[in-house]
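S.K.: My structure is in model.pdb, and what it holds is PDB, C-alpha atoms and all ligand atoms:
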MODEL        1
ATOM      1  CA  MET A   1     -30.291  17.242  11.570
ATOM      2  CA  ASN A   2     -28.302  16.976   8.354
ATOM      3  CA  VAL A   3     -25.014  15.238   7.697
ATOM      4  CA  PHE A   4     -23.191  14.382   4.457
ATOM      5  CA  VAL A   5     -22.574  10.761   3.579
ATOM      6  CA  ASN A   6     -20.158  10.398   0.652
ATOM      7  CA  GLU A   7     -21.114  13.983  -0.286
ATOM      8  CA  GLN A   8     -24.870  13.260  -0.277
ATOM      9  CA  THR A   9     -27.019  15.150   2.245
ATOM     10  CA  LEU A  10     -28.822  12.881   4.662
ATOM     11  CA  GLU A  11     -31.280  13.746   7.413
ATOM     12  CA  ILE A  12     -30.748  11.709  10.563
ATOM     13  CA  ALA A  13     -32.011  11.706  14.142
ATOM     14  CA  PRO A  14     -29.941  13.738  16.598
ATOM     15  CA  ASP A  15     -27.472  11.672  18.689
ATOM     16  CA  CYS A  16     -27.355   8.963  16.034
ATOM     17  CA  ASN A  17     -24.041   7.089  16.232
ATOM     18  CA  ILE A  18     -22.007   5.542  13.403
ATOM     19  CA  GLU A  19     -23.236   2.027  14.010
ATOM     20  CA  GLU A  20     -26.867   3.194  13.846
ATOM     21  CA  LEU A  21     -26.100   5.179  10.704
ATOM     22  CA  LEU A  22     -24.661   2.108   8.948
ATOM     23  CA  GLU A  23     -27.654   0.049  10.008
ATOM     24  CA  ALA A  24     -30.043   2.739   8.758
ATOM     25  CA  LEU A  25     -28.196   2.792   5.434
ATOM     26  CA  ASP A  26     -28.242  -0.996   5.315
ATOM     27  CA  LYS A  27     -24.443  -1.079   4.986
ATOM     28  CA  PRO A  28     -22.554  -4.103   6.224
ATOM     29  CA  LEU A  29     -20.617  -3.407   9.437
ATOM     30  CA  GLN A  30     -17.992  -5.910   8.292
ATOM     31  CA  GLY A  31     -15.527  -4.645   5.746
ATOM     32  CA  THR A  32     -16.640  -1.027   5.808
ATOM     33  CA  ALA A  33     -14.237   1.737   6.823
ATOM     34  CA  VAL A  34     -15.633   4.999   8.146
ATOM     35  CA  ALA A  35     -14.129   8.468   8.185
ATOM     36  CA  VAL A  36     -15.694  11.478   9.864
ATOM     37  CA  ASN A  37     -14.415  14.811   8.577
ATOM     38  CA  GLN A  38     -11.387  13.138   6.939
ATOM     39  CA  ASN A  39     -10.404  11.173  10.052
ATOM     40  CA  ILE A  40     -10.754   7.397  10.072
ATOM     41  CA  LEU A  41     -12.847   6.289  13.028
ATOM     42  CA  SER A  42     -11.715   2.980  14.499
ATOM     43  CA  ARG A  43     -14.289   0.229  14.596
ATOM     44  CA  SER A  44     -14.151   0.235  18.400
ATOM     45  CA  LEU A  45     -15.401   3.848  18.467
ATOM     46  CA  TRP A  46     -18.374   3.531  16.138
ATOM     47  CA  SER A  47     -20.985   3.134  18.857
ATOM     48  CA  ASP A  48     -19.500   5.965  20.926
ATOM     49  CA  TYR A  49     -19.342   8.652  18.278
ATOM     50  CA  SER A  50     -22.520  10.743  18.102
ATOM     51  CA  LEU A  51     -22.805  12.452  14.752
ATOM     52  CA  GLN A  52     -22.859  16.229  14.723
ATOM     53  CA  GLU A  53     -24.782  18.551  12.409
ATOM     54  CA  GLY A  54     -22.823  19.021   9.176
ATOM     55  CA  ASP A  55     -20.430  16.091   9.687
ATOM     56  CA  HIS A  56     -18.911  14.720   6.488
ATOM     57  CA  ILE A  57     -18.970  10.939   6.653
ATOM     58  CA  SER A  58     -17.055   8.845   4.126
ATOM     59  CA  LEU A  59     -17.838   5.165   3.806
ATOM     60  CA  PHE A  60     -15.669   2.851   1.763
ATOM     61  CA  GLN A  61     -14.528  -0.727   1.414
ATOM     62  CA  ALA A  62     -11.115  -2.268   1.727
ATOM     63  CA  ILE A  63      -9.613  -3.006  -1.672
ATOM     64  CA  ALA A  64      -7.380  -6.046  -1.898
ATOM     65  CA  GLY A  65      -6.552  -6.117  -5.605
ATOM     66  CA  GLY A  66      -3.164  -5.477  -7.084
TER      67      GLY A  66
ATOM     68  CA  MET B   1      31.410   6.229  -3.361
ATOM     69  CA  LEU B   2      29.604   6.025  -6.643
ATOM     70  CA  THR B   3      31.480   4.620  -9.616
ATOM     71  CA  ASP B   4      31.829   6.566 -12.858
ATOM     72  CA  SER B   5      29.195   4.445 -14.547
ATOM     73  CA  GLU B   6      26.821   5.065 -11.634
ATOM     74  CA  MET B   7      27.478   8.814 -11.842
ATOM     75  CA  LEU B   8      26.399   8.683 -15.486
ATOM     76  CA  ARG B   9      23.440   6.412 -14.979
ATOM     77  CA  TYR B  10      22.007   8.428 -12.104
ATOM     78  CA  SER B  11      22.964  11.885 -13.368
ATOM     79  CA  ARG B  12      19.345  13.065 -13.283
ATOM     80  CA  HIS B  13      19.173  12.123  -9.605
ATOM     81  CA  LEU B  14      22.460  13.856  -8.892
ATOM     82  CA  LEU B  15      21.031  17.074 -10.317
ATOM     83  CA  LEU B  16      18.221  16.975  -7.773
ATOM     84  CA  GLU B  17      18.792  18.871  -4.561
ATOM     85  CA  ASP B  18      16.535  16.351  -2.792
ATOM     86  CA  VAL B  19      18.609  13.350  -3.891
ATOM     87  CA  GLY B  20      22.141  14.240  -4.988
ATOM     88  CA  GLU B  21      25.137  11.988  -4.432
ATOM     89  CA  LEU B  22      24.290  11.321  -0.785
ATOM     90  CA  GLY B  23      20.741  10.316  -1.662
ATOM     91  CA  GLN B  24      22.008   8.078  -4.442
ATOM     92  CA  LYS B  25      24.266   6.308  -1.941
ATOM     93  CA  ASP B  26      21.261   5.869   0.337
ATOM     94  CA  LEU B  27      19.418   4.279  -2.573
ATOM     95  CA  LYS B  28      22.410   2.043  -3.291
ATOM     96  CA  ASN B  29      22.380   0.904   0.337
ATOM     97  CA  GLY B  30      18.596   0.456   0.272
ATOM     98  CA  LYS B  31      17.113  -3.012   0.698
ATOM     99  CA  VAL B  32      13.477  -3.338  -0.268
ATOM    100  CA  LEU B  33      11.191  -6.357  -0.188
ATOM    101  CA  ILE B  34       8.398  -6.214  -2.758
ATOM    102  CA  ILE B  35       5.645  -8.768  -2.207
ATOM    103  CA  GLY B  36       3.438  -9.391  -5.218
ATOM    104  CA  MET B  37       4.680  -9.052  -8.806
ATOM    105  CA  GLY B  38       1.396  -8.132 -10.481
ATOM    106  CA  GLY B  39      -0.055  -4.801 -11.569
ATOM    107  CA  LEU B  40       1.347  -2.941  -8.544
ATOM    108  CA  GLY B  41       4.623  -4.804  -8.267
ATOM    109  CA  SER B  42       5.511  -4.415 -11.973
ATOM    110  CA  PRO B  43       5.942  -0.631 -12.019
ATOM    111  CA  ALA B  44       7.092  -0.476  -8.392
ATOM    112  CA  ALA B  45       9.919  -2.957  -8.961
ATOM    113  CA  MET B  46      10.956  -1.460 -12.307
ATOM    114  CA  TYR B  47      11.133   2.093 -10.952
ATOM    115  CA  LEU B  48      13.114   1.024  -7.887
ATOM    116  CA  ALA B  49      15.519  -0.984 -10.042
ATOM    117  CA  ALA B  50      15.949   1.910 -12.461
ATOM    118  CA  ALA B  51      16.508   4.309  -9.545
ATOM    119  CA  GLY B  52      19.390   2.179  -8.286
ATOM    120  CA  VAL B  53      17.953   0.703  -5.100
ATOM    121  CA  GLY B  54      20.862  -1.603  -4.350
ATOM    122  CA  SER B  55      19.061  -4.692  -3.179
ATOM    123  CA  LEU B  56      15.596  -5.811  -4.215
ATOM    124  CA  VAL B  57      13.884  -8.949  -2.993
ATOM    125  CA  LEU B  58      10.908 -10.044  -5.068
ATOM    126  CA  CYS B  59       8.277 -12.434  -3.818
ATOM    127  CA  ASP B  60       5.420 -14.071  -5.727
ATOM    128  CA  PHE B  61       4.307 -17.622  -6.462
ATOM    129  CA  ASP B  62       2.249 -17.128  -9.627
ATOM    130  CA  CYS B  63       2.972 -18.071 -13.206
ATOM    131  CA  LEU B  64       2.289 -15.449 -15.842
ATOM    132  CA  GLU B  65      -1.088 -15.799 -17.544
ATOM    133  CA  VAL B  66      -2.278 -14.070 -20.691
ATOM    134  CA  SER B  67      -4.936 -12.173 -18.694
ATOM    135  CA  ASN B  68      -2.159 -10.556 -16.607
ATOM    136  CA  LEU B  69      -0.659  -8.741 -19.589
ATOM    137  CA  GLN B  70      -3.434  -6.118 -19.784
ATOM    138  CA  ARG B  71      -1.956  -4.416 -16.700
ATOM    139  CA  GLN B  72       1.233  -6.148 -15.504
ATOM    140  CA  ILE B  73       3.539  -4.144 -17.704
ATOM    141  CA  GLY B  74       6.790  -5.818 -16.677
ATOM    142  CA  TYR B  75       5.981  -8.876 -18.801
ATOM    143  CA  GLN B  76       5.678  -9.806 -22.445
ATOM    144  CA  THR B  77       3.511 -12.236 -24.389
ATOM    145  CA  GLY B  78       6.415 -14.639 -24.835
ATOM    146  CA  ASP B  79       6.748 -14.852 -21.035
ATOM    147  CA  ILE B  80       3.394 -16.616 -20.543
ATOM    148  CA  GLY B  81       3.745 -19.688 -18.348
ATOM    149  CA  GLY B  82       6.954 -18.497 -16.711
ATOM    150  CA  ASP B  83       7.375 -17.779 -13.005
ATOM    151  CA  LYS B  84       6.679 -14.101 -12.397
ATOM    152  CA  VAL B  85       9.523 -13.559  -9.932
ATOM    153  CA  GLU B  86      12.089 -15.114 -12.265
ATOM    154  CA  LEU B  87      10.784 -13.144 -15.245
ATOM    155  CA  MET B  88      10.830  -9.908 -13.239
ATOM    156  CA  LYS B  89      14.278 -10.587 -11.803
ATOM    157  CA  HIS B  90      15.591 -10.967 -15.343
ATOM    158  CA  ARG B  91      13.749  -7.846 -16.461
ATOM    159  CA  LEU B  92      15.184  -5.772 -13.600
ATOM    160  CA  GLU B  93      18.706  -7.017 -14.268
ATOM    161  CA  MET B  94      18.277  -5.915 -17.877
ATOM    162  CA  ILE B  95      17.115  -2.481 -16.730
ATOM    163  CA  ASN B  96      19.946  -2.048 -14.252
ATOM    164  CA  PRO B  97      22.873  -4.469 -13.899
ATOM    165  CA  GLU B  98      24.302  -2.355 -11.038
ATOM    166  CA  ILE B  99      21.799  -3.688  -8.493
ATOM    167  CA  ARG B 100      21.237  -7.058  -6.836
ATOM    168  CA  VAL B 101      17.895  -8.814  -7.235
ATOM    169  CA  ARG B 102      16.833 -11.908  -5.335
ATOM    170  CA  SER B 103      13.654 -13.864  -6.011
ATOM    171  CA  ILE B 104      11.469 -15.848  -3.624
ATOM    172  CA  ASN B 105       9.251 -18.054  -5.732
ATOM    173  CA  LYS B 106       6.684 -19.072  -3.132
ATOM    174  CA  GLU B 107       4.182 -17.749  -0.636
ATOM    175  CA  MET B 108       6.127 -17.034   2.542
ATOM    176  CA  ALA B 109       4.839 -18.256   5.869
ATOM    177  CA  GLU B 110       5.110 -15.777   8.728
ATOM    178  CA  GLU B 111       8.331 -17.275  10.044
ATOM    179  CA  GLN B 112      10.193 -16.875   6.768
ATOM    180  CA  LEU B 113       8.732 -13.427   6.238
ATOM    181  CA  LEU B 114      10.039 -12.349   9.659
ATOM    182  CA  MET B 115      13.491 -13.617   8.658
ATOM    183  CA  GLU B 116      13.382 -11.653   5.419
ATOM    184  CA  LEU B 117      12.263  -8.532   7.278
ATOM    185  CA  MET B 118      15.457  -8.570   9.315
ATOM    186  CA  MET B 119      17.381  -7.938   6.093
ATOM    187  CA  VAL B 120      15.397  -5.039   4.580
ATOM    188  CA  ASN B 121      14.702  -1.355   5.258
ATOM    189  CA  LEU B 122      11.271  -1.266   3.730
ATOM    190  CA  VAL B 123       8.424  -3.440   2.446
ATOM    191  CA  LEU B 124       6.009  -2.780  -0.393
ATOM    192  CA  ASP B 125       2.739  -4.671  -0.161
ATOM    193  CA  CYS B 126       1.736  -5.228  -3.791
ATOM    194  CA  THR B 127      -0.372  -8.332  -3.135
ATOM    195  CA  ASP B 128      -3.857  -9.082  -4.389
ATOM    196  CA  ASN B 129      -5.678 -10.550  -1.410
ATOM    197  CA  MET B 130      -6.742  -9.614   2.098
ATOM    198  CA  ALA B 131      -5.168 -12.572   3.921
ATOM    199  CA  SER B 132      -1.681 -11.730   2.610
ATOM    200  CA  ARG B 133      -2.164  -8.065   3.415
ATOM    201  CA  GLN B 134      -3.073  -8.810   7.032
ATOM    202  CA  MET B 135      -0.181 -11.246   7.412
ATOM    203  CA  ILE B 136       2.380  -8.829   5.953
ATOM    204  CA  ASN B 137       1.095  -6.001   8.150
ATOM    205  CA  ALA B 138       1.306  -8.084  11.320
ATOM    206  CA  ALA B 139       4.860  -9.196  10.488
ATOM    207  CA  CYS B 140       5.975  -5.615   9.733
ATOM    208  CA  VAL B 141       4.484  -4.416  13.047
ATOM    209  CA  LYS B 142       6.365  -7.188  14.851
ATOM    210  CA  ALA B 143       9.656  -6.519  13.039
ATOM    211  CA  LYS B 144       9.202  -2.701  13.170
ATOM    212  CA  VAL B 145       9.757  -2.398   9.415
ATOM    213  CA  PRO B 146       8.071   0.428   7.459
ATOM    214  CA  LEU B 147       5.310  -0.738   5.118
ATOM    215  CA  ILE B 148       3.913   0.963   2.024
ATOM    216  CA  VAL B 149       0.594  -0.561   1.006
ATOM    217  CA  GLY B 150      -0.993  -0.212  -2.417
ATOM    218  CA  ALA B 151      -4.248  -1.637  -3.728
ATOM    219  CA  ALA B 152      -6.436  -1.094  -6.774
ATOM    220  CA  ILE B 153      -9.644  -2.317  -8.277
ATOM    221  CA  ARG B 154     -11.931  -1.091 -11.078
ATOM    222  CA  LEU B 155     -11.015   2.602 -11.359
ATOM    223  CA  GLU B 156     -10.128   3.060  -7.690
ATOM    224  CA  GLY B 157      -6.859   2.934  -5.820
ATOM    225  CA  GLN B 158      -5.776   2.978  -2.189
ATOM    226  CA  LEU B 159      -2.347   3.955  -0.872
ATOM    227  CA  MET B 160      -1.023   4.017   2.694
ATOM    228  CA  PHE B 161       2.303   4.241   4.515
ATOM    229  CA  PHE B 162       2.703   2.820   8.001
ATOM    230  CA  ASP B 163       6.148   3.484   9.448
ATOM    231  CA  HIS B 164       6.362   0.683  11.970
ATOM    232  CA  SER B 165       9.775   1.869  13.117
ATOM    233  CA  GLN B 166       7.731   4.519  14.981
ATOM    234  CA  ALA B 167       5.957   3.189  18.084
ATOM    235  CA  ASP B 168       2.898   5.397  17.596
ATOM    236  CA  SER B 169       2.312   4.315  14.000
ATOM    237  CA  ALA B 170      -1.134   3.100  13.033
ATOM    238  CA  CYS B 171      -1.338  -0.131  11.066
ATOM    239  CA  TYR B 172      -3.329  -1.692   8.240
ATOM    240  CA  HIS B 173      -5.380  -3.644  10.750
ATOM    241  CA  CYS B 174      -6.372  -0.428  12.605
ATOM    242  CA  LEU B 175      -7.939   0.664   9.319
ATOM    243  CA  PHE B 176      -9.334  -2.640   8.035
ATOM    244  CA  PRO B 177      -9.784  -4.917  11.047
ATOM    245  CA  ASN B 178     -11.817  -7.654   9.371
ATOM    246  CA  SER B 179      -9.420 -10.026   7.709
ATOM    247  CA  ASP B 180     -12.044 -12.612   6.876
ATOM    248  CA  GLU B 181     -14.118 -10.330   4.705
ATOM    249  CA  GLN B 182     -14.572 -10.846   1.008
ATOM    250  CA  ALA B 183     -12.521  -7.846  -0.096
ATOM    251  CA  LEU B 184     -12.565  -6.790  -3.699
ATOM    252  CA  ASN B 185      -9.762  -8.125  -5.872
ATOM    253  CA  CYS B 186      -8.839  -7.885  -9.537
ATOM    254  CA  SER B 187     -10.067 -11.311 -10.574
ATOM    255  CA  ASN B 188     -13.575 -10.758  -9.207
ATOM    256  CA  SER B 189     -14.005  -7.105 -10.164
ATOM    257  CA  GLY B 190     -11.700  -6.076 -13.018
ATOM    258  CA  VAL B 191      -9.288  -3.152 -13.062
ATOM    259  CA  LEU B 192      -7.834  -0.651 -15.511
ATOM    260  CA  GLY B 193      -4.083  -1.000 -16.022
ATOM    261  CA  PRO B 194      -3.134   2.664 -15.547
ATOM    262  CA  VAL B 195      -5.089   2.810 -12.274
ATOM    263  CA  VAL B 196      -3.164  -0.039 -10.666
ATOM    264  CA  GLY B 197      -0.013   1.291 -12.362
ATOM    265  CA  THR B 198      -0.547   4.731 -10.792
ATOM    266  CA  ILE B 199      -0.727   3.222  -7.324
ATOM    267  CA  GLY B 200       2.335   1.002  -7.877
ATOM    268  CA  THR B 201       4.228   4.037  -9.175
ATOM    269  CA  MET B 202       3.250   6.013  -6.063
ATOM    270  CA  GLN B 203       4.561   3.149  -3.905
ATOM    271  CA  ALA B 204       7.897   3.446  -5.709
ATOM    272  CA  LEU B 205       7.918   7.220  -5.254
ATOM    273  CA  GLU B 206       7.273   6.919  -1.525
ATOM    274  CA  ALA B 207       9.925   4.198  -1.257
ATOM    275  CA  ILE B 208      12.566   6.371  -2.935
ATOM    276  CA  LYS B 209      11.648   9.335  -0.726
ATOM    277  CA  HIS B 210      11.864   7.165   2.372
ATOM    278  CA  LEU B 211      15.256   5.730   1.401
ATOM    279  CA  VAL B 212      16.817   9.128   0.696
ATOM    280  CA  GLY B 213      15.374  10.565   3.897
ATOM    281  CA  LEU B 214      12.751  12.869   2.462
ATOM    282  CA  PRO B 215       9.659  13.307   4.630
ATOM    283  CA  SER B 216       6.526  11.506   3.498
ATOM    284  CA  GLY B 217       3.225  13.295   3.374
ATOM    285  CA  ILE B 218       1.258  10.070   3.689
ATOM    286  CA  LYS B 219       2.435   8.398   6.895
ATOM    287  CA  ASN B 220      -0.608   7.316   8.882
ATOM    288  CA  LYS B 221      -2.806   8.412   6.028
ATOM    289  CA  LEU B 222      -5.021   6.624   3.596
ATOM    290  CA  LYS B 223      -5.101   8.093   0.108
ATOM    291  CA  LEU B 224      -7.994   7.150  -2.145
ATOM    292  CA  PHE B 225      -7.514   7.620  -5.879
ATOM    293  CA  ASP B 226     -10.476   8.020  -8.195
ATOM    294  CA  GLY B 227      -9.479   7.110 -11.742
ATOM    295  CA  LYS B 228     -12.644   8.725 -13.149
ATOM    296  CA  THR B 229     -12.038  12.233 -11.819
ATOM    297  CA  LEU B 230      -8.311  11.864 -10.989
ATOM    298  CA  ASP B 231      -9.190  13.200  -7.518
ATOM    299  CA  TRP B 232      -7.287  12.058  -4.445
ATOM    300  CA  GLN B 233      -8.983  11.993  -1.054
ATOM    301  CA  THR B 234      -6.879  11.914   2.104
ATOM    302  CA  PHE B 235      -7.886  10.449   5.457
ATOM    303  CA  ALA B 236      -5.920  10.433   8.695
ATOM    304  CA  VAL B 237      -5.540   7.015  10.324
ATOM    305  CA  LYS B 238      -4.927   6.961  14.060
ATOM    306  CA  LYS B 239      -3.557   4.015  15.944
ATOM    307  CA  ASP B 240      -6.529   2.138  17.382
ATOM    308  CA  PRO B 241      -5.646   1.415  21.019
ATOM    309  CA  GLU B 242      -7.877  -1.670  20.762
ATOM    310  CA  CYS B 243      -6.154  -2.970  17.604
ATOM    311  CA  SER B 244      -5.323  -6.653  18.056
ATOM    312  CA  VAL B 245      -2.184  -6.296  15.901
ATOM    313  CA  CYS B 246      -0.532  -3.066  17.082
ATOM    314  CA  GLY B 247      -2.620  -2.017  20.102
ATOM    315  CA  LYS B 248      -2.045  -2.392  23.808
ATOM    316  CA  ASN B 249      -3.628  -5.856  24.099
ATOM    317  CA  ARG B 250      -1.688  -7.586  21.366
TER     318      ARG B 250
HETATM  319 ZN    ZN A 301      -3.152  -1.499  14.370
ENDMDL
END
Give the structure from this file in structure tokens form.
M.R.:
Amino acid sequence: MNVFVNEQTLEIAPDCNIEELLEALDKPLQGTAVAVNQNILSRSLWSDYSLQEGDHISLFQAIAGG
Amino acid sequence: MLTDSEMLRYSRHLLLEDVGELGQKDLKNGKVLIIGMGGLGSPAAMYLAAAGVGSLVLCDFDCLEVSNLQRQIGYQTGDIGGDKVELMKHRLEMINPEIRVRSINKEMAEEQLLMELMMVNLVLDCTDNMASRQMINAACVKAKVPLIVGAAIRLEGQLMFFDHSQADSACYHCLFPNSDEQALNCSNSGVLGPVVGTIGTMQALEAIKHLVGLPSGIKNKLKLFDGKTLDWQTFAVKKDPECSVCGKNR
């Protein structure tokens, strides 16, 4: 099935969760924030959330600068 | 009551239905702690001073360096080597002698920060590192003081508002739980002045709105600013029940 990761289409296995997605993308689990369809998903929910067809996933890093 | 000179100075606020004389009095009674006097804190502090926020507390422990001047617009070349908080205090008093400005020229430990929080209505996090951000967030959760967080790097900005006076508010730690990470900062990645200035200006805007009682559109939201496209993205942040700072097990 297809999802969008930072606006890029990506084909993933059905019932893939966020943690598996980050591992597949080789993204660090530490320091990454994840939003699904414009809602931030808490770190504690990453392994529970099964991605759905057409989900928009946004991945980004904390910025500390100022 | 506003004095005659205040009526003149703030006449463009008084013309606004959303501020008016009542709002201006709210600003006059406002007490805001601004932590970090760099690229975010410069415009934030100057706008709040100009707007007539009655009491500003500035905190920083850095001296001004020449490499700060590319973005920290509150300072001048002749200021290099001076303490940022003292320079900014002077600058704000020049902008608006009607307000009171106090400077804290050191990095506050949690205990002192908690004391300071008892005396303010609002905190702006304008710092430049993850450890300070986590510490300020935890203290604001504890003291139930609203917190407006800004951050910027390269051509990207982040803005959030956590109203810790509300029990169901999310917090910075719900969003970014890993305090030990190597988060991006200006000295390791570079930043464009107007990008960090935009975020600091937005912090001031949200602060003014909060003080005059206007609703904020960004509570429990993360706004991402893209300086290349000028697009803003908005994400909802929910309280994480497992959050070690604001959750049930704290
Ligand atoms: Zn939290």
S.K.: Mind listing as a PyMOL selection string which residues of chain A are within 9 Å of chain B, counting all atoms listed in the file?
M.R.: chain A and resi 30-35+37-44+61-66
S.K.: Within 8 Å of range 103-109 of chain B, counting all atoms listed in the file, which residues qualify if same-chain residues fewer than 3 places away don't, as a ChimeraX atom specification?
M.R.: /B:57-61,83,85-86,89,112-113
S.K.: Go ahead and dump the residues you just picked, C-alpha atoms, as a short mmCIF file (atom, residue, chain, number, x, y, z; two decimals), keeping the file's coordinate frame.
M.R.:
data_model
loop_
_atom_site.label_atom_id
_atom_site.label_comp_id
_atom_site.auth_asym_id
_atom_site.auth_seq_id
_atom_site.Cartn_x
_atom_site.Cartn_y
_atom_site.Cartn_z
CA VAL B 57 13.88 -8.95 -2.99
CA LEU B 58 10.91 -10.04 -5.07
CA CYS B 59 8.28 -12.43 -3.82
CA ASP B 60 5.42 -14.07 -5.73
CA PHE B 61 4.31 -17.62 -6.46
CA ASP B 83 7.38 -17.78 -13.00
CA VAL B 85 9.52 -13.56 -9.93
CA GLU B 86 12.09 -15.11 -12.26
CA LYS B 89 14.28 -10.59 -11.80
CA GLN B 112 10.19 -16.88 6.77
CA LEU B 113 8.73 -13.43 6.24
#
S.K.: As a PDB file with C-alpha atoms, keeping the file's coordinate frame, please: the residues near Met119 in chain B (cut-off 9 Å, all atoms listed in the file, same-chain neighbours under 2 positions excluded).
M.R.:
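Now in selection-v3.pdb:
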ATOM      1  CA  LYS B  31      17.113  -3.012   0.698  1.00  0.00           C
ATOM      2  CA  VAL B  32      13.477  -3.338  -0.268  1.00  0.00           C
ATOM      3  CA  LEU B  33      11.191  -6.357  -0.188  1.00  0.00           C
ATOM      4  CA  MET B 115      13.491 -13.617   8.658  1.00  0.00           C
ATOM      5  CA  GLU B 116      13.382 -11.653   5.419  1.00  0.00           C
ATOM      6  CA  LEU B 117      12.263  -8.532   7.278  1.00  0.00           C
ATOM      7  CA  ASN B 121      14.702  -1.355   5.258  1.00  0.00           C
TER       8      ASN B 121
END
S.K.: Going by the chain IDs and residue numbers used in this file, which residues fall under the PyMOL selection byres (((chain A and resi 8) around 12) and not hetatm)? Write them as a PyMOL selection string.
M.R.: chain A and resi 2-7+9-11+54-59
S.K.: Suppose we keep C-alpha atoms; can you now write the selection as a CSV table (one decimal), in the coordinates of the input?
M.R.:
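And here's selection_11.csv as it stands now:
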chain,number,residue,atom,x,y,z
A,2,ASN,CA,-28.3,17.0,8.4
A,3,VAL,CA,-25.0,15.2,7.7
A,4,PHE,CA,-23.2,14.4,4.5
A,5,VAL,CA,-22.6,10.8,3.6
A,6,ASN,CA,-20.2,10.4,0.7
A,7,GLU,CA,-21.1,14.0,-0.3
A,9,THR,CA,-27.0,15.2,2.2
A,10,LEU,CA,-28.8,12.9,4.7
A,11,GLU,CA,-31.3,13.7,7.4
A,54,GLY,CA,-22.8,19.0,9.2
A,55,ASP,CA,-20.4,16.1,9.7
A,56,HIS,CA,-18.9,14.7,6.5
A,57,ILE,CA,-19.0,10.9,6.7
A,58,SER,CA,-17.1,8.8,4.1
A,59,LEU,CA,-17.8,5.2,3.8
S.K.: If the PyMOL selection byres (((chain A and resi 16) around 12) and not hetatm) is run on the structure shown, which residues does it catch, given as a list in words?
M.R.: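 Selected by the PyMOL selection byres (((chain A and resi 16) around 12) and not hetatm) here: Met1, Asn2, Val3, Glu11, Ile12, Ala13, Pro14, Asp15, Asn17, Ile18, Glu19, Glu20, Leu21, Leu22, Glu23, Ala24, Trp46, Ser47, Asp48, Tyr49, Ser50, Leu51, Gln52, Glu53 and Asp55 of chain A.
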S.K.: Provide the CA of Gly82 in chain B to CA of Ser67 in chain B distance in Å, to one decimal place.
M.R.: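 Computed distance, CA of Gly82 in chain B to CA of Ser67 in chain B, equals 13.6 Å.
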S.K.: Here's the selection I'm unsure about, the PyMOL selection byres (((chain B and resi 124) around 7) and not hetatm); applied to the file above, which residues does it give, as an MDAnalysis selection string?
M.R.: chainID B and resid 33:35 122:123 125:126 147:149
S.K.: Using all atoms listed in the file, can you tell me which of B:Val120, B:Leu114, B:Cys246, B:Val19 comes closest to ligand ZN 301 (chain A)?
M.R.: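 When distances to ligand ZN 301 (chain A) are compared using all atoms listed in the file, the smallest one comes from B:Cys246.
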S.K.: Between B:Phe162, B:Pro146, B:Val212, B:Glu65, which has the minimum distance to His13 in chain B (counting all atoms listed in the file)?
M.R.: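 Using all atoms listed in the file, His13 in chain B sits closest to B:Val212.
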S.K.: State, in Å with one decimal place, the distance from CA of Cys140 in chain B to CA of Thr201 in chain B.
M.R.: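 For CA of Cys140 in chain B relative to CA of Thr201 in chain B, the distance reads 21.3 Å.
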S.K.: Write out as a list in words each polymer residue whose atoms come within 8 Å of Ser216 in chain B, counting all atoms listed in the file; drop sequence neighbours fewer than 5 positions from it.
M.R.: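 In the requested form, the answer reads Glu206, Lys209 and His210 of chain B.
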S.K.: Nearest residue to Ala138 in chain B out of B:Met88, B:Ala51, B:Lys219, B:Glu111, using all atoms listed in the file?
M.R.: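 Going through B:Met88, B:Ala51, B:Lys219, B:Glu111 one by one, the smallest distance to Ala138 in chain B is for B:Glu111.
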